[in-house]
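Enquirer: So I've got this file, my_file.cif, and it contains mmCIF, C-alpha atoms:
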data_start
loop_
_atom_site.label_atom_id
_atom_site.label_comp_id
_atom_site.auth_asym_id
_atom_site.auth_seq_id
_atom_site.Cartn_x
_atom_site.Cartn_y
_atom_site.Cartn_z
CA MET A 503 -16.80 31.01 13.96
CA ALA A 504 -16.85 28.24 11.37
CA ALA A 505 -13.52 26.72 10.36
CA SER A 506 -12.36 27.28 6.80
CA ASN A 507 -12.70 24.41 4.32
CA LYS A 508 -9.91 25.85 2.17
CA ILE A 509 -7.12 23.38 1.35
CA LYS A 510 -3.94 24.29 3.21
CA PRO A 511 -0.56 24.65 1.44
CA HIS A 512 0.84 21.40 2.86
CA GLN A 513 -2.28 19.56 1.68
CA THR A 514 -1.85 20.97 -1.82
CA SER A 515 1.80 19.90 -1.75
CA LEU A 516 0.74 16.40 -0.69
CA LEU A 517 -1.62 16.06 -3.65
CA ILE A 518 0.93 17.42 -6.12
CA ALA A 519 3.69 15.14 -4.82
CA GLY A 520 1.37 12.13 -4.73
CA PHE A 521 0.06 12.43 -8.26
CA ALA A 522 3.49 13.41 -9.62
CA THR A 523 4.90 10.13 -8.33
CA LEU A 524 1.89 8.27 -9.75
CA ALA A 525 2.77 9.68 -13.17
CA GLY A 526 6.40 8.76 -12.52
CA PHE A 527 5.49 5.11 -12.03
CA LEU A 528 4.51 4.99 -15.70
CA ILE A 529 7.92 6.25 -16.92
CA PRO A 530 10.55 3.46 -16.85
CA LEU A 531 13.54 5.61 -15.80
CA VAL A 532 11.55 7.46 -13.13
CA ARG A 533 10.10 4.17 -11.90
CA GLN A 534 13.64 2.99 -11.10
CA VAL A 535 14.12 6.03 -8.87
CA LEU A 536 10.79 5.31 -7.15
CA LEU A 537 11.62 1.64 -6.48
CA PRO A 538 12.00 2.18 -2.69
CA VAL A 539 8.37 3.36 -2.51
CA ILE A 540 7.32 0.43 -4.69
CA TYR A 541 9.13 -1.95 -2.33
CA LEU A 542 7.14 -0.61 0.62
CA ASN A 543 3.91 -1.15 -1.29
CA THR A 544 4.95 -4.69 -2.21
CA HIS A 545 5.82 -5.52 1.40
CA LEU A 546 2.39 -4.31 2.53
CA HIS A 547 0.65 -6.04 -0.40
CA GLU A 548 2.25 -9.39 0.41
CA LEU A 549 1.79 -8.93 4.16
CA SER A 550 -1.93 -8.44 3.50
CA HIS A 551 -2.05 -11.73 1.61
CA ALA A 552 -0.25 -13.45 4.49
CA LEU A 553 -2.49 -12.01 7.22
CA MET A 554 -5.64 -13.00 5.35
CA ALA A 555 -4.21 -16.46 4.74
CA VAL A 556 -3.64 -16.94 8.48
CA ALA A 557 -7.10 -15.55 9.24
CA THR A 558 -8.70 -18.16 6.95
CA GLY A 559 -6.69 -21.07 8.30
CA ALA A 560 -3.98 -21.27 5.64
CA ARG A 561 -0.26 -21.82 6.16
CA VAL A 562 2.02 -19.10 4.80
CA GLU A 563 5.14 -20.63 3.30
CA GLU A 564 7.05 -17.37 2.77
CA ILE A 565 6.92 -13.84 1.42
CA LEU A 566 9.15 -12.98 -1.52
CA VAL A 567 9.86 -9.38 -2.53
CA HIS A 568 11.95 -9.25 -5.68
CA ALA A 569 14.43 -6.65 -6.91
CA ASN A 570 12.08 -5.47 -9.70
CA GLY A 571 9.40 -4.60 -7.12
CA SER A 572 7.19 -7.64 -7.70
CA GLY A 573 6.31 -10.11 -4.97
CA GLU A 574 4.60 -13.39 -4.17
CA THR A 575 3.25 -15.17 -1.12
CA PRO A 576 2.78 -18.93 -1.55
CA VAL A 577 0.20 -20.35 0.86
CA ALA A 578 -1.32 -23.76 1.55
CA GLY A 579 -5.00 -24.08 2.41
CA GLY A 580 -7.41 -21.31 3.36
CA TYR A 581 -9.98 -19.61 1.15
CA ILE A 582 -8.75 -18.31 -2.17
CA LEU A 583 -11.27 -15.45 -2.62
CA PRO A 584 -10.28 -13.36 0.43
CA ILE A 585 -6.60 -14.35 0.22
CA ALA A 586 -6.16 -13.35 -3.43
CA SER A 587 -8.16 -10.14 -2.95
CA ALA A 588 -6.28 -9.09 0.17
CA GLY A 589 -3.09 -7.88 -1.55
CA TYR A 590 -4.35 -4.86 -3.45
CA LEU A 591 -7.17 -4.11 -1.03
CA GLY A 592 -4.93 -4.51 2.00
CA ALA A 593 -2.25 -2.13 0.71
CA SER A 594 -4.95 0.45 0.04
CA VAL A 595 -6.40 -0.01 3.53
CA PHE A 596 -2.93 0.47 5.02
CA GLY A 597 -2.54 3.61 2.93
CA ALA A 598 -5.93 5.02 3.87
CA ALA A 599 -5.19 4.40 7.56
CA MET A 600 -1.87 6.25 7.22
CA ILE A 601 -3.63 9.21 5.61
CA PHE A 602 -6.42 9.32 8.20
CA PHE A 603 -4.38 8.74 11.35
CA GLY A 604 -1.50 10.81 10.00
CA ARG A 605 -3.52 14.02 10.18
CA ALA A 606 -2.01 15.07 13.54
CA GLU A 607 1.53 14.85 14.90
CA LYS A 608 0.83 12.44 17.77
CA SER A 609 -1.27 10.00 15.74
CA ALA A 610 1.13 10.21 12.77
CA ARG A 611 4.01 9.17 15.02
CA ALA A 612 1.98 6.27 16.43
CA THR A 613 0.98 5.21 12.91
CA LEU A 614 4.56 5.08 11.64
CA ILE A 615 5.73 3.15 14.71
CA THR A 616 2.87 0.67 14.30
CA LEU A 617 3.73 0.17 10.64
CA ALA A 618 7.41 -0.38 11.51
CA CYS A 619 6.35 -3.02 14.05
CA LEU A 620 4.14 -4.80 11.50
CA LEU A 621 6.99 -4.86 8.99
CA THR A 622 9.34 -6.20 11.67
CA PHE A 623 6.91 -9.04 12.37
CA SER A 624 6.60 -9.77 8.65
CA MET A 625 10.38 -9.81 8.18
CA ILE A 626 10.89 -12.21 11.08
CA ALA A 627 7.97 -14.50 10.31
CA TRP A 628 7.79 -14.72 6.54
CA VAL A 629 10.07 -12.61 4.30
CA ARG A 630 12.65 -14.77 2.56
CA GLY A 631 14.35 -15.05 -0.82
CA ASP A 632 15.57 -12.04 -2.76
CA GLY A 633 18.27 -10.11 -0.87
CA VAL A 634 16.95 -6.78 -2.17
CA GLY A 635 13.55 -7.58 -0.70
CA ILE A 636 15.10 -8.35 2.67
CA ALA A 637 17.28 -5.22 2.58
CA SER A 638 14.35 -3.02 1.57
CA GLY A 639 12.21 -4.41 4.39
CA PHE A 640 14.74 -3.64 7.09
CA GLY A 641 15.52 -0.34 5.37
CA TRP A 642 11.90 0.73 5.61
CA ILE A 643 11.69 -0.35 9.25
CA ALA A 644 14.63 1.95 10.00
CA ALA A 645 13.18 4.77 7.87
CA LEU A 646 9.74 4.62 9.47
CA ALA A 647 11.21 4.55 12.97
CA GLY A 648 13.53 7.43 12.07
CA MET A 649 10.65 9.56 10.82
CA ALA A 650 8.63 8.81 13.93
CA PHE A 651 11.37 9.75 16.38
CA PHE A 652 13.14 12.61 14.61
CA LEU A 653 10.44 14.53 12.71
CA ARG A 654 8.09 17.02 14.33
CA GLY A 655 4.98 18.91 13.32
CA LEU A 656 3.98 19.29 9.67
CA PRO A 657 7.01 17.40 8.26
CA LEU A 658 5.96 14.33 10.25
CA VAL A 659 2.31 14.68 9.20
CA PHE A 660 3.32 15.20 5.56
CA CYS A 661 5.61 12.14 5.47
CA CYS A 662 3.01 9.86 7.04
CA GLN A 663 0.22 11.01 4.72
CA PHE A 664 2.50 11.05 1.67
CA LEU A 665 3.53 7.43 2.24
CA GLY A 666 -0.10 6.52 2.84
CA LEU A 667 -1.18 8.20 -0.39
CA GLN A 668 1.59 6.34 -2.20
CA GLN A 669 0.22 3.01 -1.00
CA CYS A 670 -3.22 3.81 -2.35
CA LEU A 671 -1.97 5.32 -5.59
CA ASN A 672 0.67 2.66 -6.16
CA SER A 673 -2.00 0.03 -5.65
CA PHE A 674 -4.14 1.84 -8.21
CA GLN A 675 -1.20 2.11 -10.61
CA SER A 676 -0.50 -1.60 -10.15
CA LEU A 677 -4.15 -2.29 -10.76
CA PHE A 678 -4.06 -0.22 -13.94
CA VAL A 679 -1.33 -2.52 -15.20
CA LEU A 680 -3.30 -5.51 -13.91
CA VAL A 681 -6.35 -4.42 -15.87
CA ARG A 682 -4.24 -4.31 -19.04
CA ILE A 683 -2.60 -7.69 -18.57
CA SER A 684 -5.86 -9.26 -17.39
CA ALA A 685 -7.62 -8.12 -20.54
CA ASP A 686 -4.83 -8.79 -23.02
CA THR A 687 -2.58 -11.60 -21.75
CA ASP A 688 -2.41 -14.79 -19.73
CA MET A 689 0.19 -13.40 -17.32
CA HIS A 690 -0.08 -14.68 -13.75
CA SER A 691 -1.85 -12.29 -11.35
CA ASP A 692 -4.19 -12.25 -8.37
CA ALA A 693 -7.05 -11.47 -10.75
CA LYS A 694 -6.19 -14.46 -12.95
CA ILE A 695 -6.18 -16.70 -9.87
CA LEU A 696 -9.70 -15.54 -9.00
CA GLN A 697 -10.87 -15.93 -12.58
CA THR A 698 -9.81 -19.57 -12.45
CA ALA A 699 -11.51 -20.06 -9.07
CA THR A 700 -14.77 -18.19 -9.75
CA LEU A 701 -15.10 -17.95 -13.56
CA ILE A 702 -15.58 -14.18 -13.13
CA PRO A 703 -13.30 -12.43 -15.67
CA SER A 704 -10.03 -11.21 -14.21
CA VAL A 705 -10.61 -7.71 -15.58
CA VAL A 706 -13.75 -7.44 -13.41
CA TRP A 707 -11.74 -8.22 -10.29
CA ALA A 708 -9.04 -5.74 -11.30
CA LEU A 709 -11.51 -2.95 -11.99
CA GLY A 710 -13.32 -3.58 -8.71
CA TRP A 711 -10.11 -3.41 -6.67
CA SER A 712 -9.09 -0.26 -8.54
CA ALA A 713 -12.39 1.45 -7.78
CA PHE A 714 -12.10 0.46 -4.12
CA SER A 715 -8.59 1.93 -3.94
CA LEU A 716 -9.72 5.29 -5.36
CA PHE A 717 -12.74 5.31 -3.03
CA LEU A 718 -10.47 4.84 -0.01
CA VAL A 719 -8.23 7.72 -1.16
CA TYR A 720 -11.26 10.00 -1.38
CA ILE A 721 -12.69 8.96 1.99
CA ALA A 722 -9.35 9.13 3.82
CA LEU A 723 -8.43 12.56 2.46
CA SER A 724 -11.87 14.07 2.97
CA LYS A 725 -12.10 12.80 6.55
CA SER A 726 -8.55 13.72 7.53
CA TRP A 727 -8.88 17.24 6.12
CA GLN A 728 -12.21 18.07 7.69
CA PRO A 729 -11.94 21.16 9.93
CA ALA A 730 -12.13 20.43 13.64
CA LYS A 731 -15.57 21.01 15.22
CA ARG A 732 -15.80 23.83 17.70
#
Represent the structure from my file as structure tokens, please.
Expert:
Amino acid sequence: MAASNKIKPHQTSLLIAGFATLAGFLIPLVRQVLLPVIYLNTHLHELSHALMAVATGARVEEILVHANGSGETPVAGGYILPIASAGYLGASVFGAAMIFFGRAEKSARATLITLACLLTFSMIAWVRGDGVGIASGFGWIAALAGMAFFLRGLPLVFCCQFLGLQQCLNSFQSLFVLVRISADTDMHSDAKILQTATLIPSVVWALGWSAFSLFLVYIALSKSWQPAKR
């Protein structure tokens, strides 16, 4: 008998919760409530910059995660194109991996533990500066480990996939803002850095990263929700 392709209730709840928080990011008061989720995205965004910097031979000076949810990762050397692109793309890749591997209890637990270990490495090796950034990093390490060890079944799967969806959607929301500032202002951004380096308009970079983020959401959800073959 063929498995049903119908979306299950917990999957519907995941989509509703994910897109509700995406809308919340655009409302200033709600955004303040969602800052913890934004901090996690910023940690993963900046960690992605740092990992790509190391991979291209650069030296990472530090990772800064500020109280307002912004971040920066000063580096010396390396190749600017992959390093500057890695932040938004990397956070989306992390998110897509959490969605895909979070589809079953055992793999969701392993995914959360792996993410906690990566954040621990980042905190020890690079995160400095703003005290809120440091507190949020260790807070998320504890939260991820707590979810992995104390949750069971669908609650564990939901939390892993929800946080993964947030990384992709928060990256897209950040990119939406980036598109606006890239088109209308001279504000510093990853896209502006690449415009200076390549002469390709910053809005093109921002739109490309945004499209990639949405594509990963679609692929991760469609693959993770496919019925098991019999």
Enquirer: What lies within 6 Å of segment 549-552 of chain A using only C-alpha atoms, ignoring chain neighbours under 6 positions off, as an NGL selection string?
Expert: :A and (585 or 588-589 or 592)
Enquirer: Nearest to Trp727 of chain A: which of A:Thr700, A:Ser572, A:Ser712, A:Gln663 is it, counting all atoms listed in the file?
Expert: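 The shortest atom-to-atom distance to Trp727 of chain A comes from A:Gln663.
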Enquirer: Just how far from atom CA of Arg654 of chain A is atom CA of Thr544 of chain A, in Å to one decimal?
Expert: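 Separating atom CA of Thr544 of chain A from atom CA of Arg654 of chain A is a distance of 27.5 Å.
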Enquirer: Here is a test: counting all atoms listed in the file, which residue of A:Asn672, A:Thr523, A:Ser704, A:Ser726 is nearest to His547 of chain A?
Expert: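 Residue with the minimum atom-to-atom distance to His547 of chain A: A:Asn672.
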Enquirer: Up to 12 Å from (1.0, -4.2, 2.9) in the file's coordinates: name the residues, counting only C-alpha atoms, as a PyMOL selection string.
Expert: chain A and resi 539-554+565+567+573+575+588-600+617-618+620-621+624+639+665-666+668-670+672-673
Enquirer: Atom CA of Leu646 of chain A to atom CA of Phe603 of chain A: how many Å, to one decimal?
Expert: 14.8 Å
Enquirer: Using all atoms listed in the file, which protein or nucleic acid residues come within 10 Å of Leu537 of chain A? Drop anything in the same chain fewer than 5 positions from it, and give the result as number ranges by chain.
Expert: A: 527, 532, 542-543, 569-571, 638
Enquirer: What does the PyMOL selection byres ((chain A and resi 604) around 12) select in this file, as an MDAnalysis selection string?
Expert: chainID A and resid 596:603 605:617 650 655:667 722:723 725:727
Enquirer: Measure the distance from atom CA of Val562 of chain A to atom CA of Ala644 of chain A in Å and round it to one decimal.
Expert: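 A separation of 25.1 Å between them.
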Enquirer: Is it possible to produce a file of segment 533-546 of chain A from this structure, with C-alpha atoms, as an mmCIF file, in the first residue's frame?
Expert:
data_model
loop_
_atom_site.group_PDB
_atom_site.id
_atom_site.type_symbol
_atom_site.label_atom_id
_atom_site.label_comp_id
_atom_site.auth_asym_id
_atom_site.auth_seq_id
_atom_site.Cartn_x
_atom_site.Cartn_y
_atom_site.Cartn_z
ATOM 1 C CA ARG A 533 11.271 41.165 17.072
ATOM 2 C CA GLN A 534 12.492 41.944 20.596
ATOM 3 C CA VAL A 535 10.711 38.833 21.868
ATOM 4 C CA LEU A 536 12.298 36.777 19.081
ATOM 5 C CA LEU A 537 15.837 38.020 19.791
ATOM 6 C CA PRO A 538 16.987 34.633 21.202
ATOM 7 C CA VAL A 539 16.209 32.988 17.849
ATOM 8 C CA ILE A 540 17.940 35.856 16.047
ATOM 9 C CA TYR A 541 21.014 35.353 18.245
ATOM 10 C CA LEU A 542 21.214 31.699 17.210
ATOM 11 C CA ASN A 543 21.040 32.704 13.564
ATOM 12 C CA THR A 544 23.749 35.315 14.067
ATOM 13 C CA HIS A 545 26.035 32.811 15.799
ATOM 14 C CA LEU A 546 25.626 30.386 12.889
#
